[in-house]
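Structure record follows, encoded as structure tokens.
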Amino acid sequence: MDLKKVRNSSILLLAALIWGVAFVAQSAGMAYVEPLTFNTARYIVAIAVLIPTVIIMDKSAGKKVSIWGTEDKQSKKAMIIGGVICGVILAVASTLQQYGILYTTVGKAGFITALYIVIVPLLGIFFKKKLRLTLIISVTIATVGLYFLCMKQNEFSLALGDLLVLLCAIVYSFHIITIDHFAAKVDAVRFSLIQLITAALLSFVPMLILEKPVMGDILDAWLPILYAGALSSGVAYTLQIIGQRGLNPTVASLLMSFEAVFAAIAGSLILKETMTVREIVGCALMFFAIILSQLPQKKAKID
């Protein structure tokens, strides 16, 4: 058993847990502020959390506090380029999701967003990522599980909100693939900080043009913004960068898609929503798919 992969898989599941609970926070926050305002505020909070984290990390390691944490030019280049690219992708994906949620149900949004578990392996083929038979089976089972978990009977139809969330899933798939490329080359916290600064700027400018943010409304939404910013954005996206190191991006996407299961459980515990037998079956299928994807494999692989 590869202990490093087990650790990284556990880290991604923790990130999925944080994101799952964040669905509740996002739903609550949208009652007070508009999508771009919510995203801008959450990213500012995340930045405010990560900056002192970088300082504390350097000081605890006995290092001089620096912006990059390294003198290696290649590492700096990878951090800047990768961080900006991921920040652009993250800003676009989160904006599409927030607007999509306005026009569709949370269940459909959760299912369609998590379709990145299908899109990522398809994209991986173009980047010469090998795909095992067990992963193909795992993705198929997980997709069926997501459908049972998130979709009500006779609810499968595409409207404006659904199309926006589908675009979010496609864009977020590129986020996973991009992190897979850069994760092993950079300092995770600093990389996350650069992507969040980029995402904040790309949310802030259109917010001023398209929305009318009111400080009182933002303060009313302080709790969901604080959770979405400090934990969902600041902590979870950093955990994603750390967790994806050395993992096949398809396996990573499967683990992160478990956020839909955690969202359903959070809705049951926090919002007192009752889980149906159909939803419980969906959770069970998702869990089985995750276990199957983590089983040790023989050296021979199927392309």
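Starting from 1 in every chain, residues are counted up; chains themselves are A, B, ... following the order of the structure tokens, and ligands are numbered from 1 as listed.
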For the contact check between region 90-154 of chain A and region 217-241 of chain A, emit one row per residue of region 90-154 of chain A within 12 Å, containing the shortest atom pair and the distance in Å rounded to one decimal, counting only C-alpha atoms, chain then rising number order, as CSV.
residue,atom,partner,partner_atom,distance
A:Leu90,CA,A:Tyr237,CA,10.0
A:Ala91,CA,A:Ser233,CA,11.5
A:Ser94,CA,A:Ser233,CA,10.7
Hey, can you spit out that residue selection with C-alpha atoms as an mmCIF file, in the first residue's frame?
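Below is the file that was written, part17.cif:
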data_model
loop_
_atom_site.group_PDB
_atom_site.id
_atom_site.type_symbol
_atom_site.label_atom_id
_atom_site.label_comp_id
_atom_site.auth_asym_id
_atom_site.auth_seq_id
_atom_site.Cartn_x
_atom_site.Cartn_y
_atom_site.Cartn_z
ATOM 1 C CA LEU A 90 -11.451 29.286 -10.721
ATOM 2 C CA ALA A 91 -13.021 32.729 -11.187
ATOM 3 C CA SER A 94 -17.254 29.803 -9.533
#
Kindly assemble as a tab-separated table a list of the region 169-266 of chain A residues that lie within 10 Å of region 135-154 of chain A, each paired with its nearest atom pair and their distance in Å to one decimal, using only C-alpha atoms, sorted first by chain and then by ascending residue number.
residue	atom	partner	partner_atom	distance
A:Asn248	CA	A:Leu135	CA	10.0
A:Thr250	CA	A:Leu135	CA	7.5
A:Val251	CA	A:Leu135	CA	7.4
A:Ser253	CA	A:Val139	CA	9.3
A:Leu254	CA	A:Val139	CA	7.1
A:Ser257	CA	A:Ala142	CA	8.6
A:Phe258	CA	A:Leu146	CA	9.0
A:Ala260	CA	A:Leu146	CA	7.4
A:Val261	CA	A:Leu149	CA	7.5
A:Ala263	CA	A:Cys150	CA	9.8
A:Ala264	CA	A:Leu149	CA	7.8
Between CA of Gly216 (chain A) and CA of Thr37 (chain A), what is the spacing in Å? 12.3 Å
Given only C-alpha atoms as the basis, pick out the residue of A:Asp72, A:Ser27, A:Ile119, A:Ala289 nearest to Tyr99 (chain A). A:Ser27
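What separates CA of Thr104 (chain A) from CA of Gly161 (chain A) is a distance of 5.0 Å.
For the pair CA of Tyr172 (chain A) and CA of Ala93 (chain A), the separation is 5.8 Å.
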For Ala266 (chain A), list every protein, DNA or RNA residue within 6 Å, evaluated using only C-alpha atoms, and leave out those in the same chain fewer than 4 positions away; present the list as a PyMOL selection string. chain A and resi 21+262+270
When you look at Ala169 (chain A) with a cut-off of 8 Å (counting only C-alpha atoms), what residues show up, excluding the ones that are within fewer than 2 positions of it in the same chain? I need them as a CSV table (one decimal) with C-alpha atoms, in the first residue's frame.
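Result saved to out-v7.csv:
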chain,number,residue,atom,x,y,z
A,93,ALA,CA,-16.0,28.3,-12.8
A,112,ILE,CA,-24.1,18.6,-13.1
A,113,THR,CA,-21.1,20.2,-11.3
A,114,ALA,CA,-19.8,16.8,-10.3
A,115,LEU,CA,-19.9,15.7,-13.9
A,116,TYR,CA,-16.2,16.7,-13.9
A,119,ILE,CA,-14.9,15.2,-18.2
A,165,VAL,CA,-23.5,24.8,-14.3
A,166,LEU,CA,-22.6,22.4,-17.0
A,167,LEU,CA,-20.1,25.0,-18.3
A,171,VAL,CA,-14.2,24.7,-16.8
A,172,TYR,CA,-13.5,23.2,-13.4
A,173,SER,CA,-12.2,20.0,-15.1
Alpha helix (DSSP H) residues, from DSSP on the backbone, in region 45-271 of chain A, as an NGL selection string: :A and (45-60 or 73-103 or 106-113 or 116-126 or 133-150 or 160-182 or 188-210 or 215-220 or 222-226 or 236-243 or 249-256 or 259-270)
Can you tell me, as a ChimeraX atom specification, what residues are no more than 9 Å from region 123-127 of chain A when counting only C-alpha atoms, ignoring any on the same chain fewer than 3 positions away? /A:119-120,130-131,173-174,177,249-250,303
Now that the selection is made, can you save its residues with N, CA and C atoms as a CSV table (one decimal), in the first residue's frame?
chain,number,residue,atom,x,y,z
A,119,ILE,N,-15.7,14.3,-17.3
A,119,ILE,CA,-14.9,15.2,-18.2
A,119,ILE,C,-13.4,15.0,-18.0
A,120,VAL,N,-13.0,14.9,-16.7
A,120,VAL,CA,-11.5,14.9,-16.4
A,120,VAL,C,-10.8,13.7,-17.1
A,130,LYS,N,-3.0,7.6,-18.5
A,130,LYS,CA,-3.5,6.2,-18.7
A,130,LYS,C,-4.7,6.0,-17.8
A,131,LEU,N,-5.7,5.3,-18.3
A,131,LEU,CA,-6.9,5.1,-17.7
A,131,LEU,C,-7.2,3.6,-17.5
A,173,SER,N,-13.0,21.2,-14.7
A,173,SER,CA,-12.2,20.0,-15.1
A,173,SER,C,-10.8,20.5,-15.5
A,174,PHE,N,-10.8,21.6,-16.2
A,174,PHE,CA,-9.5,22.2,-16.6
A,174,PHE,C,-8.7,22.6,-15.4
A,177,ILE,N,-7.0,19.5,-14.1
A,177,ILE,CA,-5.9,19.1,-15.0
A,177,ILE,C,-4.7,20.0,-14.8
A,249,PRO,N,-5.3,12.3,-12.0
A,249,PRO,CA,-6.4,13.3,-11.9
A,249,PRO,C,-7.8,12.7,-11.9
A,250,THR,N,-8.0,11.5,-12.6
A,250,THR,CA,-9.3,10.9,-12.6
A,250,THR,C,-9.6,10.4,-11.2
A,303,ASP,N,-5.0,1.5,-21.7
A,303,ASP,CA,-4.9,2.9,-22.1
A,303,ASP,C,-6.3,3.4,-22.5
